[in-house]
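Notes follow the structure.
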Amino acid sequence: MAVVSGGTTLIDNGALDAGVPTGSLILLSTQTASASASISFTSDIDSTYDSYVFKFINIHPGTDWNNWFAFQASTNGGSSYGVTVTNTAFRPYHNEAGSQTGLNYLDSYDQAQSTAFIRLCEDTSSANADENLSGTIQIFNPSSTTFVKHYLGRSQTGISKVGQAYTVDWYGAGYFNTTSAINAFQFKMNSGNIDDGIIKMYGVK
Amino acid sequence: MGLISNGTTIFDNGSMASGFSDDLKFISKATASASLSVDITSGIDSTYKEYIFMFNNIHPSNDDITFHFQANASGGSGFNETITSTQFRATHGEDGSSASLDYLTGADQAQGTSYQLLAGSVGSDNDQGVSGYLHIFNPADTTFVKHFFGAFQSIAHSNRCNYQQVAGYFNTTSALDEFSFKFSSGTVDSGDIILFGVS
């Protein structure tokens with residue numbers, strides 16, 4: 001059934017007409033972690049949207065100490081995750097005691113043509129409920145078969161380390177150095193489970 | 001009544017189906033006019049896990065002042081929640097002078113309850129002021145602290161371009177449902193603060 005108003009087709013054949021204004025940020029999937037070893041997005045990543053945005057909210061690890069949240073991509077629908085990445089990372093930090101601040105490039109946390117999972121935060125831990133992170137990543141044109149795939153990310157983390165509580169504002173950016181289409185992403189802690197948290201995937205028109 | 005076209009539900013139960021509507025939801029727009037502060041006191045609850053404030057041409061009445069914000073917990077009194085935060089800035093003069101990138105130790109907080117600086121040294125000329133955005137994550141949560149981050153572009157009273165990045169957390173497990181924005185002195189002469197929820 002089509003819907004026509006004033007001679008103008010608004011809806012036909014299961015879709016809005018291209019001339020009907022719609023949203024530009026479209027929620028595609030929401031997944032909630034509950035002692036999850038990993039969370040994977042293996043569908044809806046194609047040429048429909050020019051970029052995809054992941055938002056991760058209150059990600060809380062299940063394992064203490066030297067633990068971080070990370071992601072990687074797949075070109076085979078999620079059968080494996082490990083696309084070659086070159087990236088940058090820097091972050092300001094500040095402790096609750098007010099005695100330590102800094103803004104540094106993190107040359108031990110970046111990657112140069114590596115297939116390892118990509119850090120999205122400073123170390124975090126499971127000890128307290130205020131040790132968790134929230135943030136976002138935007139992936140540009142993952143289905144391109146001509147260009148590499150750029151991403152931009154930022155996260156905000158509350159952590160405890162060496163007896164101090166810190167806030168850390170993490171910036172990461174880079175590219176998946178492949179001309180194969182990327183069609184799946186996976187998120188996990190480097191150790192143990194994702195105890196709690198929500199990850200949402202959006203398409204951006 | 002639903003509206004189904006070729007087997008695809010377009011509208012149902014008073015709403016457009018997922019995949020057709022925008023998931024960046026406009027909630028409110030506050031326009032300042034010689035306002036001592038712009039307080040957003042409604043529309044922030046558990047409906048969304050993320051809220052975004054957009055700041056368009058926030059212009060102060062006074063010169064060389066800071067633009068800043070605070071929150072109030074649900075059922076609380078006063079904008080005075082505990083914040084630990086970071087702040088850094090890239091800056092460049094209109095005359096090409098003194099470009100730098102620095103952590104700003106005077107603009108962060110360590111368990112402070114002051115208004116959190118978003119943009120500093122803002123000028124009041126008509127070619128000066130502040131624009132930017134601020135994300136707040138899961139403010140209605142009662143388990144975790146409340147993370148925020150934002151970016152602000154301002155023109156200083158000394159005709160410098162300042163790009164400031166702020167982030168941190170409200171160190172409370174109480175829900176936050178009110179936010180206040182103001183300058184360190186004088187009024188918010190003009191400008192819009194637009195609140196969005198992210199579905």
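To be explicit about the labels: the chains of the structure tokens are called A, B, and onward in the order shown, and within each one the residues are counted from 1, while ligands get numbers from 1 in the order they are shown.
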Considering only C-alpha atoms, return as a compact mmCIF listing (two decimals) with all heavy atoms, in the first residue's frame whatever protein or nucleic-acid residues lie within 9 Å of Phe149 (chain B), sequence-local ones (same chain, fewer than 6 positions apart) excluded.
```txt
# COMPACT_ATOMS: atom_id res chain seq x y z
N GLY A 135 31.99 6.32 26.37
CA GLY A 135 32.65 6.99 25.26
C GLY A 135 32.01 6.65 23.93
O GLY A 135 30.90 6.10 23.86
N ARG A 154 36.82 8.59 21.54
CA ARG A 154 37.09 9.32 22.78
C ARG A 154 36.36 8.61 23.91
O ARG A 154 35.21 8.21 23.74
CB ARG A 154 36.60 10.77 22.68
CG ARG A 154 36.94 11.62 23.91
CD ARG A 154 36.49 13.07 23.72
NE ARG A 154 36.88 13.87 24.87
CZ ARG A 154 36.59 15.17 25.01
NH1 ARG A 154 35.93 15.80 24.07
NH2 ARG A 154 36.97 15.83 26.09
N SER A 155 37.03 8.43 25.03
CA SER A 155 36.36 7.84 26.18
C SER A 155 36.73 8.58 27.44
O SER A 155 37.78 9.24 27.52
CB SER A 155 36.75 6.36 26.33
OG SER A 155 38.08 6.23 26.79
N GLN A 156 35.89 8.48 28.43
CA GLN A 156 36.09 9.10 29.73
C GLN A 156 36.02 7.99 30.77
O GLN A 156 35.03 7.25 30.83
CB GLN A 156 35.03 10.18 29.96
CG GLN A 156 34.82 10.59 31.39
CD GLN A 156 36.09 11.11 32.05
OE1 GLN A 156 36.91 11.75 31.41
NE2 GLN A 156 36.26 10.82 33.32
N ASP A 169 40.74 11.19 30.18
CA ASP A 169 40.01 11.55 28.95
C ASP A 169 40.83 11.02 27.78
O ASP A 169 41.80 11.64 27.37
CB ASP A 169 39.88 13.08 28.92
CG ASP A 169 39.11 13.58 27.71
OD1 ASP A 169 38.42 12.77 27.07
OD2 ASP A 169 39.20 14.79 27.44
N TYR B 133 29.99 21.67 22.47
CA TYR B 133 29.05 20.60 22.84
C TYR B 133 29.53 19.92 24.11
O TYR B 133 30.71 19.97 24.46
CB TYR B 133 28.90 19.57 21.71
CG TYR B 133 30.15 18.83 21.36
CD1 TYR B 133 30.57 17.72 22.09
CD2 TYR B 133 30.94 19.24 20.30
CE1 TYR B 133 31.72 17.04 21.78
CE2 TYR B 133 32.12 18.57 19.98
CZ TYR B 133 32.50 17.48 20.72
OH TYR B 133 33.66 16.80 20.42
N LEU B 134 28.59 19.28 24.80
CA LEU B 134 28.89 18.58 26.05
C LEU B 134 28.04 17.31 26.13
O LEU B 134 26.81 17.40 26.02
CB LEU B 134 28.59 19.50 27.24
CG LEU B 134 28.85 18.96 28.64
CD1 LEU B 134 30.35 18.75 28.87
CD2 LEU B 134 28.29 19.95 29.69
N HIS B 135 28.70 16.17 26.28
CA HIS B 135 27.98 14.89 26.43
C HIS B 135 27.92 14.52 27.91
O HIS B 135 28.94 14.59 28.61
CB HIS B 135 28.72 13.76 25.71
CG HIS B 135 28.77 13.90 24.23
ND1 HIS B 135 28.18 13.00 23.37
CD2 HIS B 135 29.36 14.82 23.44
CE1 HIS B 135 28.40 13.36 22.12
NE2 HIS B 135 29.12 14.47 22.13
N ILE B 136 26.76 14.06 28.36
CA ILE B 136 26.60 13.53 29.72
C ILE B 136 26.10 12.09 29.57
O ILE B 136 25.09 11.85 28.90
CB ILE B 136 25.56 14.32 30.53
CG1 ILE B 136 25.81 15.82 30.45
CG2 ILE B 136 25.49 13.81 31.97
CD1 ILE B 136 26.97 16.32 31.25
N PHE B 137 26.78 11.15 30.21
CA PHE B 137 26.40 9.74 30.06
C PHE B 137 25.60 9.26 31.27
O PHE B 137 26.03 9.43 32.42
CB PHE B 137 27.64 8.88 29.88
CG PHE B 137 28.35 9.14 28.57
CD1 PHE B 137 29.39 10.05 28.50
CD2 PHE B 137 27.94 8.50 27.41
CE1 PHE B 137 30.04 10.31 27.29
CE2 PHE B 137 28.58 8.75 26.20
CZ PHE B 137 29.62 9.65 26.15
N GLN B 165 39.19 21.21 25.58
CA GLN B 165 38.60 19.89 25.75
C GLN B 165 38.45 19.63 27.25
O GLN B 165 39.44 19.68 27.99
CB GLN B 165 39.51 18.82 25.14
CG GLN B 165 39.79 18.99 23.66
CD GLN B 165 38.66 18.49 22.79
OE1 GLN B 165 37.73 17.83 23.28
NE2 GLN B 165 38.71 18.78 21.50
N VAL B 166 37.26 19.35 27.67
CA VAL B 166 36.98 19.09 29.08
C VAL B 166 36.39 17.69 29.22
O VAL B 166 35.66 17.22 28.34
CB VAL B 166 36.01 20.15 29.65
CG1 VAL B 166 34.68 20.11 28.92
CG2 VAL B 166 35.81 19.98 31.15
N ALA B 167 36.71 17.02 30.31
CA ALA B 167 36.12 15.71 30.59
C ALA B 167 36.24 15.44 32.09
O ALA B 167 37.05 16.06 32.78
CB ALA B 167 36.82 14.61 29.79
N GLY B 168 35.44 14.51 32.56
CA GLY B 168 35.52 14.15 33.96
C GLY B 168 34.29 13.39 34.40
O GLY B 168 33.56 12.83 33.58
N TYR B 169 34.11 13.36 35.71
CA TYR B 169 32.92 12.68 36.22
C TYR B 169 32.39 13.40 37.45
O TYR B 169 33.15 14.02 38.21
CB TYR B 169 33.19 11.20 36.54
CG TYR B 169 34.37 10.90 37.43
CD1 TYR B 169 34.28 10.95 38.82
CD2 TYR B 169 35.58 10.54 36.86
CE1 TYR B 169 35.37 10.66 39.62
CE2 TYR B 169 36.69 10.24 37.66
CZ TYR B 169 36.57 10.31 39.04
OH TYR B 169 37.65 10.02 39.83
```
Counting only C-alpha atoms, which residues of chain B fall within 8 Å of chain A, and what is the closest atom pair for each with its distance in Å at one decimal, ordered by chain and rising number, as CSV?
```
residue,atom,partner,partner_atom,distance
B:Ile4,CA,A:Gly14,CA,7.2
B:Ser5,CA,A:Gly14,CA,4.3
B:Asn6,CA,A:Gly14,CA,4.8
B:Gly7,CA,A:Gly14,CA,6.5
B:Thr8,CA,A:Gly14,CA,4.8
B:Thr9,CA,A:Gly14,CA,7.4
B:Ile10,CA,A:Gly14,CA,7.3
B:Ser18,CA,A:Leu27,CA,7.4
B:Gly19,CA,A:Ile26,CA,5.9
B:Phe20,CA,A:Thr22,CA,6.2
B:Ser21,CA,A:Gly23,CA,5.0
B:Asp22,CA,A:Gly23,CA,3.4
B:Asp23,CA,A:Ile26,CA,5.3
B:Leu24,CA,A:Leu25,CA,5.9
B:Lys49,CA,A:Ile57,CA,7.4
B:Thr84,CA,A:Glu96,CA,5.9
B:Ser85,CA,A:Thr167,CA,6.2
B:Thr86,CA,A:His94,CA,5.9
B:Gln87,CA,A:Pro92,CA,7.3
B:Phe88,CA,A:Pro92,CA,7.3
B:Asp102,CA,A:Leu103,CA,7.3
B:Tyr103,CA,A:Leu103,CA,5.8
B:Thr105,CA,A:Thr101,CA,7.2
B:Asp108,CA,A:His94,CA,7.9
B:Gln109,CA,A:Gly98,CA,7.3
B:Ala110,CA,A:Glu96,CA,4.5
B:Gln111,CA,A:Glu96,CA,5.6
B:Phe137,CA,A:Ile57,CA,6.7
B:Asn138,CA,A:Ile57,CA,7.2
B:Thr143,CA,A:Ala129,CA,6.6
B:Phe144,CA,A:Asp130,CA,5.3
B:Val145,CA,A:Asp130,CA,5.2
B:His147,CA,A:Gln156,CA,6.3
B:Phe148,CA,A:Gln156,CA,7.1
B:Phe149,CA,A:Gln156,CA,7.0
B:Ala167,CA,A:Asp169,CA,5.9
B:Gly168,CA,A:Thr167,CA,5.8
B:Tyr169,CA,A:Thr167,CA,7.2
B:Asn171,CA,A:Asp130,CA,7.5
B:Ser199,CA,A:Leu27,CA,7.0
```
Counting only C-alpha atoms, closest pick from B:Ala140, B:Ile58, B:Ala156, B:Cys161 relative to His92 (chain B) is B:Cys161
Just want the 12 Å neighbourhood of Ile40 (chain B), counted on only C-alpha atoms, with same-chain residues fewer than 2 positions away dropped. Output as a PyMOL selection string. chain B and resi 27-32+37-38+42-45+51+53+69-72+79+176-182+192-196
Would you please extract all strand (DSSP E or B) residues from region 25-133 of chain B, as assigned by DSSP on the backbone, and give them as number ranges by chain? B: 25-35, 38-40, 50-60, 65-73, 83-93, 100-103, 112, 116-122, 129-133
Correct to one decimal, the distance CA of Gln153 (chain B)-CA of Ala173 (chain A) is 20.8 Å
Between CA of Asp63 (chain B) and CA of Ser35 (chain B), what is the distance in Å, rounded to a tenth? 15.5 Å
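The space separating CA of Val198 (chain B) from CA of Glu50 (chain B) comes to 5.4 Å.
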Contacts of Arg119 (chain A) at 7 Å or less, counting only C-alpha atoms, minus same-chain residues fewer than 4 places along, as a ChimeraX atom specification? /A:68-71
Would you pick out the contacts of Gly120 (chain B) at 8 Å or less, using only C-alpha atoms, so that residues sharing its chain but fewer than 4 positions from it are not included, and give the list as number ranges by chain? B: 64-67, 154, 156
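Using only C-alpha atoms, the protein and nucleic acid residues lying no more than 6 Å from Ser126 (chain A), apart from those fewer than 3 places from it along its own chain, are Pro61, Gly62, Thr63 and Asp64 of chain A.
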Would you pick out the contacts of Tyr175 (chain A) at 8 Å or less, using only C-alpha atoms, so that residues sharing its chain but fewer than 5 positions from it are not included, and give the list as JSON, numbers by chain? {"A": [85, 86, 87, 148, 149, 150, 151]}
Counting only C-alpha atoms, the residue of A:Val53, A:Ile39, A:Leu106, A:Met189 that sits nearest Thr136 (chain A): A:Val53
